[in-house]
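*Asks:* Dropping the structure in here first, questions after.
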Amino acid sequence: MQSFDQLDDELDQWAAAGRSVSVWWRDDDAAAATPQLTRLVGAARRHRLPLAIAAVPATMQPDLVAALSAPGISVLQHGYAHKNHAAAGKRAVECGGERPTQEVLAELGEGMRILMREFGASFLPILVPPWNRIDPAVAAALPQQGYFGLSSFGPRYYQGQGGGGSTEDAALVLPPRFAAINAHLDLLSWKGGATFAGAEKLIALFAERLADRRLGRTDPDEPFGILTHHLDHDEATWSFLERLLGRVGSHPAIRFQPITTLLTESPVR
């Protein structure tokens, strides 16, 4: 069984300095009450940790509402239909691509209305772009569309370093006072299809990315996001997730937060 020593050592340095890091958990691609989703929600309840679920509005089934009714679950918007609109040969993107910006925004607005109607107060108007990619023009218009923030992947904008959204869009800078609450550790590797990224690699990446915060290479106040995709987990991924949640849920240098708290506490940039 893989040791967490490298991560523990890094967290101990945070604790020794009297500092703590906010950690949150996002899961993508929810559309129905599958056995995998039930297993995921069960893990959150067992570890008593909050969970943010990115739901796909255009393809969601009626049973998803009851499946996500447990306390501690927030629902985010995962694009509209998780459909690729990139030109041939380009990287997959739904929130942009070969369509006019207004067409993309109109579609996203319809998705927001669906989720608001179905989930009520459990829904937060935070956009999670499929494939963690979004065109800058679409991102810039999100506040006017009623969104509170964007959740992508990678370090957010920090004194000219990194991006406000995705590692795929390193130059993306979000509007002022618009929250960037990103994920930073994906349990899966996507080259050649979804596979478990491996315990040793994930532990090292977690420690390294926390060290970047502690040393000021990235925003030291940025919450750290764990990213899962319940539909694509194999048994190795599920097993590692259980061990990771138990570890981070108990270390004194970690404050495991619901995204509702991060939205009000976390500085944007």
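Ligands are numbered from 1 in the order shown, residues from 1 within each chain, and chains are lettered A, B, ... in the order they appear in the structure tokens.
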Could you list, as a list in words, every residue within 8 Å of range 201-217 of chain A, counting only C-alpha atoms and ignoring same-chain residues fewer than 3 positions away?

*Replies:* Phe4, Gln6, Leu7, Glu10, Leu11, Trp14, His184, Leu185, Leu187, Ala197, Gly198, Pro220, Asp221, Glu222 and Phe224 of chain A

*Asks:* Grab the residues selected above and save them as a compact mmCIF listing (two decimals), in the first residue's frame with all heavy atoms.

*Replies:*
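Listed below is the output, selection28.txt:
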# COMPACT_ATOMS: atom_id res chain seq x y z
N PHE A 4 1.67 7.70 2.42
CA PHE A 4 1.32 9.10 2.30
C PHE A 4 2.39 10.00 2.93
O PHE A 4 2.12 11.18 3.17
CB PHE A 4 -0.03 9.37 2.97
CG PHE A 4 -1.22 9.02 2.12
CD1 PHE A 4 -1.68 7.71 2.07
CD2 PHE A 4 -1.88 9.97 1.39
CE1 PHE A 4 -2.78 7.37 1.31
CE2 PHE A 4 -2.99 9.65 0.62
CZ PHE A 4 -3.45 8.35 0.57
N GLN A 6 5.05 11.59 1.94
CA GLN A 6 5.41 12.84 1.26
C GLN A 6 4.35 13.91 1.48
O GLN A 6 4.66 15.08 1.76
CB GLN A 6 5.61 12.60 -0.24
CG GLN A 6 6.11 13.83 -0.99
CD GLN A 6 6.37 13.56 -2.46
OE1 GLN A 6 6.28 12.41 -2.91
NE2 GLN A 6 6.69 14.59 -3.22
N LEU A 7 3.09 13.53 1.40
CA LEU A 7 2.00 14.48 1.63
C LEU A 7 1.96 14.88 3.10
O LEU A 7 1.78 16.06 3.43
CB LEU A 7 0.67 13.86 1.21
CG LEU A 7 -0.58 14.72 1.44
CD1 LEU A 7 -0.48 16.06 0.72
CD2 LEU A 7 -1.83 13.96 0.98
N GLU A 10 4.60 17.48 3.89
CA GLU A 10 4.24 18.82 3.41
C GLU A 10 3.19 19.45 4.31
O GLU A 10 3.30 20.62 4.70
CB GLU A 10 3.75 18.74 1.97
CG GLU A 10 3.24 20.06 1.39
CD GLU A 10 4.30 21.16 1.39
OE1 GLU A 10 5.49 20.85 1.24
OE2 GLU A 10 3.91 22.35 1.51
N LEU A 11 2.19 18.68 4.67
CA LEU A 11 1.14 19.21 5.55
C LEU A 11 1.70 19.56 6.92
O LEU A 11 1.27 20.55 7.54
CB LEU A 11 0.01 18.20 5.67
CG LEU A 11 -0.87 18.03 4.42
CD1 LEU A 11 -1.79 16.83 4.57
CD2 LEU A 11 -1.67 19.29 4.14
N TRP A 14 3.04 23.00 6.84
CA TRP A 14 1.97 23.98 6.96
C TRP A 14 1.58 24.15 8.43
O TRP A 14 1.46 25.28 8.93
CB TRP A 14 0.74 23.53 6.16
CG TRP A 14 0.85 23.76 4.68
CD1 TRP A 14 1.59 23.05 3.79
CD2 TRP A 14 0.18 24.78 3.92
NE1 TRP A 14 1.43 23.55 2.52
CE2 TRP A 14 0.57 24.61 2.58
CE3 TRP A 14 -0.71 25.80 4.25
CZ2 TRP A 14 0.10 25.43 1.56
CZ3 TRP A 14 -1.18 26.62 3.23
CH2 TRP A 14 -0.78 26.44 1.90
N HIS A 184 -7.50 20.74 -8.71
CA HIS A 184 -6.05 20.69 -8.93
C HIS A 184 -5.46 19.28 -8.95
O HIS A 184 -4.32 19.10 -9.35
CB HIS A 184 -5.33 21.51 -7.85
CG HIS A 184 -5.82 22.91 -7.74
ND1 HIS A 184 -6.90 23.25 -6.93
CD2 HIS A 184 -5.43 24.05 -8.35
CE1 HIS A 184 -7.13 24.55 -7.05
NE2 HIS A 184 -6.27 25.05 -7.90
N LEU A 185 -6.23 18.30 -8.50
CA LEU A 185 -5.73 16.93 -8.44
C LEU A 185 -6.80 16.01 -9.02
O LEU A 185 -7.79 15.70 -8.35
CB LEU A 185 -5.41 16.52 -7.00
CG LEU A 185 -4.71 15.16 -6.86
CD1 LEU A 185 -3.23 15.30 -7.24
CD2 LEU A 185 -4.84 14.62 -5.44
N LEU A 187 -7.91 12.42 -10.11
CA LEU A 187 -7.53 11.05 -9.80
C LEU A 187 -7.34 10.19 -11.05
O LEU A 187 -6.80 9.09 -10.96
CB LEU A 187 -8.55 10.40 -8.88
CG LEU A 187 -8.31 10.55 -7.38
CD1 LEU A 187 -8.16 11.99 -6.94
CD2 LEU A 187 -9.39 9.84 -6.58
N ALA A 197 -4.74 7.37 -12.18
CA ALA A 197 -3.44 8.02 -12.36
C ALA A 197 -2.33 7.39 -11.54
O ALA A 197 -1.15 7.60 -11.83
CB ALA A 197 -3.55 9.51 -12.02
N GLY A 198 -2.68 6.63 -10.51
CA GLY A 198 -1.68 5.94 -9.70
C GLY A 198 -1.44 6.65 -8.38
O GLY A 198 -1.29 7.88 -8.32
N PRO A 220 -1.17 31.51 -2.54
CA PRO A 220 -1.17 30.79 -1.27
C PRO A 220 -2.53 30.68 -0.62
O PRO A 220 -2.74 29.85 0.27
CB PRO A 220 -0.20 31.60 -0.40
CG PRO A 220 -0.22 32.96 -0.98
CD PRO A 220 -0.41 32.77 -2.46
N ASP A 221 -3.49 31.50 -1.05
CA ASP A 221 -4.83 31.49 -0.48
C ASP A 221 -5.82 30.68 -1.31
O ASP A 221 -6.99 30.58 -0.94
CB ASP A 221 -5.35 32.91 -0.32
CG ASP A 221 -4.53 33.73 0.65
OD1 ASP A 221 -4.17 33.18 1.71
OD2 ASP A 221 -4.24 34.90 0.35
N GLU A 222 -5.36 30.11 -2.41
CA GLU A 222 -6.29 29.39 -3.27
C GLU A 222 -6.69 28.06 -2.66
O GLU A 222 -5.84 27.27 -2.25
CB GLU A 222 -5.67 29.14 -4.65
CG GLU A 222 -6.62 28.39 -5.59
CD GLU A 222 -6.06 28.21 -6.99
OE1 GLU A 222 -4.88 28.52 -7.22
OE2 GLU A 222 -6.83 27.76 -7.86
N PHE A 224 -7.62 24.17 -2.48
CA PHE A 224 -7.12 23.05 -3.26
C PHE A 224 -8.27 22.10 -3.57
O PHE A 224 -8.95 21.62 -2.66
CB PHE A 224 -6.03 22.31 -2.48
CG PHE A 224 -5.33 21.24 -3.29
CD1 PHE A 224 -4.16 21.53 -3.97
CD2 PHE A 224 -5.85 19.95 -3.37
CE1 PHE A 224 -3.52 20.56 -4.73
CE2 PHE A 224 -5.22 18.98 -4.13
CZ PHE A 224 -4.05 19.28 -4.80

*Asks:* Which of these residues is nearest to Leu68 in chain A, using only C-alpha atoms: A:Leu105, A:Ala33, A:Ile114, A:Cys95?

*Replies:*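 So, comparing all the options, the nearest one is A:Ala33.
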
*Asks:* Could you pull the residues within 10 Å of Val248 in chain A, counting only C-alpha atoms, minus those fewer than 4 positions along the same chain, as a list in words?

*Replies:*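 Selected residues are Leu7, Asp8, Leu11, Val23, Arg243, Leu244, Pro252, Ala253, Ile254, Arg255 and Phe256 of chain A.
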
*Asks:* Write the residues of the preceding selection, restricted to N, CA, C and O atoms, as a PDB file, in the first residue's frame.

*Replies:*
ATOM      1  N   LEU A   7       3.091  13.528   1.398  1.00  0.00           N
ATOM      2  CA  LEU A   7       1.998  14.477   1.633  1.00  0.00           C
ATOM      3  C   LEU A   7       1.955  14.882   3.100  1.00  0.00           C
ATOM      4  O   LEU A   7       1.780  16.065   3.426  1.00  0.00           O
ATOM      5  N   ASP A   8       2.120  13.917   3.994  1.00  0.00           N
ATOM      6  CA  ASP A   8       2.116  14.230   5.426  1.00  0.00           C
ATOM      7  C   ASP A   8       3.231  15.206   5.788  1.00  0.00           C
ATOM      8  O   ASP A   8       3.030  16.129   6.588  1.00  0.00           O
ATOM      9  N   LEU A  11       2.186  18.684   4.669  1.00  0.00           N
ATOM     10  CA  LEU A  11       1.143  19.207   5.546  1.00  0.00           C
ATOM     11  C   LEU A  11       1.700  19.556   6.922  1.00  0.00           C
ATOM     12  O   LEU A  11       1.275  20.545   7.543  1.00  0.00           O
ATOM     13  N   VAL A  23      -9.439  22.740   1.483  1.00  0.00           N
ATOM     14  CA  VAL A  23      -9.555  21.677   0.488  1.00  0.00           C
ATOM     15  C   VAL A  23     -11.031  21.443   0.206  1.00  0.00           C
ATOM     16  O   VAL A  23     -11.865  21.496   1.120  1.00  0.00           O
ATOM     17  N   ARG A 243      -8.926   6.082   0.859  1.00  0.00           N
ATOM     18  CA  ARG A 243      -7.751   6.341   1.681  1.00  0.00           C
ATOM     19  C   ARG A 243      -7.424   7.829   1.719  1.00  0.00           C
ATOM     20  O   ARG A 243      -7.083   8.381   2.768  1.00  0.00           O
ATOM     21  N   LEU A 244      -7.544   8.495   0.572  1.00  0.00           N
ATOM     22  CA  LEU A 244      -7.230   9.922   0.497  1.00  0.00           C
ATOM     23  C   LEU A 244      -8.200  10.739   1.334  1.00  0.00           C
ATOM     24  O   LEU A 244      -7.786  11.648   2.072  1.00  0.00           O
ATOM     25  N   PRO A 252      -4.602  18.160  10.742  1.00  0.00           N
ATOM     26  CA  PRO A 252      -4.916  19.482  11.311  1.00  0.00           C
ATOM     27  C   PRO A 252      -4.593  20.656  10.400  1.00  0.00           C
ATOM     28  O   PRO A 252      -5.109  21.755  10.625  1.00  0.00           O
ATOM     29  N   ALA A 253      -3.765  20.452   9.379  1.00  0.00           N
ATOM     30  CA  ALA A 253      -3.429  21.553   8.469  1.00  0.00           C
ATOM     31  C   ALA A 253      -4.460  21.717   7.364  1.00  0.00           C
ATOM     32  O   ALA A 253      -4.347  22.643   6.549  1.00  0.00           O
ATOM     33  N   ILE A 254      -5.454  20.846   7.324  1.00  0.00           N
ATOM     34  CA  ILE A 254      -6.463  20.909   6.272  1.00  0.00           C
ATOM     35  C   ILE A 254      -7.812  21.318   6.850  1.00  0.00           C
ATOM     36  O   ILE A 254      -8.249  20.792   7.873  1.00  0.00           O
ATOM     37  N   ARG A 255      -8.441  22.283   6.186  1.00  0.00           N
ATOM     38  CA  ARG A 255      -9.827  22.650   6.477  1.00  0.00           C
ATOM     39  C   ARG A 255     -10.660  22.214   5.277  1.00  0.00           C
ATOM     40  O   ARG A 255     -10.602  22.837   4.233  1.00  0.00           O
ATOM     41  N   PHE A 256     -11.365  21.106   5.420  1.00  0.00           N
ATOM     42  CA  PHE A 256     -12.178  20.608   4.311  1.00  0.00           C
ATOM     43  C   PHE A 256     -13.462  21.423   4.269  1.00  0.00           C
ATOM     44  O   PHE A 256     -14.244  21.420   5.216  1.00  0.00           O
TER      45      PHE A 256
END

*Asks:* Once DSSP has gone over the backbone, tell me which residues of range 61-264 of chain A are in helix (DSSP H, G or I), as number ranges by chain.

*Replies:* A: 63-67, 101-122, 130-132, 136-141, 143-145, 167-169, 199-214, 230-232, 235-248, 259-264

*Asks:* Selected residues, C-alpha atoms, written as a short mmCIF file (atom, residue, chain, number, x, y, z; two decimals), in the first residue's frame, please.

*Replies:*
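selection.cif, freshly written:
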data_model
loop_
_atom_site.label_atom_id
_atom_site.label_comp_id
_atom_site.auth_asym_id
_atom_site.auth_seq_id
_atom_site.Cartn_x
_atom_site.Cartn_y
_atom_site.Cartn_z
CA ASP A 63 -33.83 10.43 -10.59
CA LEU A 64 -30.72 12.61 -10.24
CA VAL A 65 -32.56 15.06 -7.97
CA ALA A 66 -33.29 12.51 -5.26
CA ALA A 67 -29.80 11.01 -5.61
CA THR A 101 -20.50 33.59 -28.12
CA GLN A 102 -24.17 34.55 -27.78
CA GLU A 103 -25.26 31.10 -28.93
CA VAL A 104 -23.05 29.48 -26.28
CA LEU A 105 -24.37 31.83 -23.59
CA ALA A 106 -27.99 31.20 -24.55
CA GLU A 107 -27.44 27.46 -24.23
CA LEU A 108 -25.74 27.84 -20.86
CA GLY A 109 -28.61 30.04 -19.69
CA GLU A 110 -31.08 27.30 -20.54
CA GLY A 111 -28.94 24.85 -18.57
CA MET A 112 -28.91 27.17 -15.57
CA ARG A 113 -32.70 27.44 -15.64
CA ILE A 114 -33.06 23.65 -15.71
CA LEU A 115 -30.80 23.16 -12.69
CA MET A 116 -32.39 26.01 -10.73
CA ARG A 117 -35.83 24.53 -11.32
CA GLU A 118 -34.82 20.97 -10.40
CA PHE A 119 -32.44 21.53 -7.49
CA GLY A 120 -33.54 24.83 -5.96
CA ALA A 121 -31.26 26.01 -3.16
CA SER A 122 -28.86 23.08 -3.65
CA PRO A 130 -16.64 20.36 -19.91
CA TRP A 131 -13.05 19.32 -20.58
CA ASN A 132 -12.06 22.28 -18.36
CA PRO A 136 -12.21 33.88 -22.97
CA ALA A 137 -15.18 35.76 -24.47
CA VAL A 138 -17.61 33.30 -22.90
CA ALA A 139 -15.84 33.49 -19.53
CA ALA A 140 -15.90 37.29 -19.58
CA ALA A 141 -19.67 37.34 -20.09
CA PRO A 143 -21.17 37.49 -14.53
CA GLN A 144 -23.76 39.23 -16.68
CA GLN A 145 -25.47 35.86 -17.17
CA THR A 167 -4.33 24.86 -17.40
CA GLU A 168 -5.51 24.56 -21.00
CA ASP A 169 -6.12 28.33 -21.01
CA ALA A 199 -1.27 6.43 -5.96
CA GLU A 200 2.42 7.34 -6.01
CA LYS A 201 1.95 9.99 -8.70
CA LEU A 202 -1.12 11.50 -7.04
CA ILE A 203 0.46 11.73 -3.60
CA ALA A 204 3.53 13.41 -5.09
CA LEU A 205 1.42 15.87 -7.11
CA PHE A 206 -0.70 16.75 -4.09
CA ALA A 207 2.41 17.48 -2.02
CA GLU A 208 4.12 19.43 -4.81
CA ARG A 209 1.10 21.61 -5.51
CA LEU A 210 0.68 22.39 -1.82
CA ALA A 211 4.37 23.31 -1.68
CA ASP A 212 3.79 25.72 -4.58
CA ARG A 213 1.21 27.49 -2.44
CA ARG A 214 3.34 27.47 0.71
CA HIS A 230 -17.52 8.68 -10.60
CA LEU A 231 -18.57 7.10 -13.91
CA ASP A 232 -14.97 6.30 -14.84
CA GLU A 235 -11.62 -0.40 -8.12
CA ALA A 236 -8.10 1.02 -7.74
CA THR A 237 -9.48 4.55 -8.05
CA TRP A 238 -12.25 3.90 -5.52
CA SER A 239 -9.77 2.37 -3.08
CA PHE A 240 -7.37 5.31 -3.33
CA LEU A 241 -10.22 7.80 -2.96
CA GLU A 242 -11.29 6.18 0.30
CA ARG A 243 -7.75 6.34 1.68
CA LEU A 244 -7.23 9.92 0.50
CA LEU A 245 -10.48 11.18 2.01
CA GLY A 246 -9.62 9.60 5.31
CA ARG A 247 -6.19 11.19 5.29
CA VAL A 248 -7.09 14.73 4.28
CA ILE A 259 -17.93 25.24 -1.92
CA THR A 260 -20.59 27.52 -0.42
CA THR A 261 -18.05 28.60 2.21
CA LEU A 262 -15.28 29.03 -0.36
CA LEU A 263 -17.53 31.24 -2.43
CA THR A 264 -17.85 33.73 0.40
#
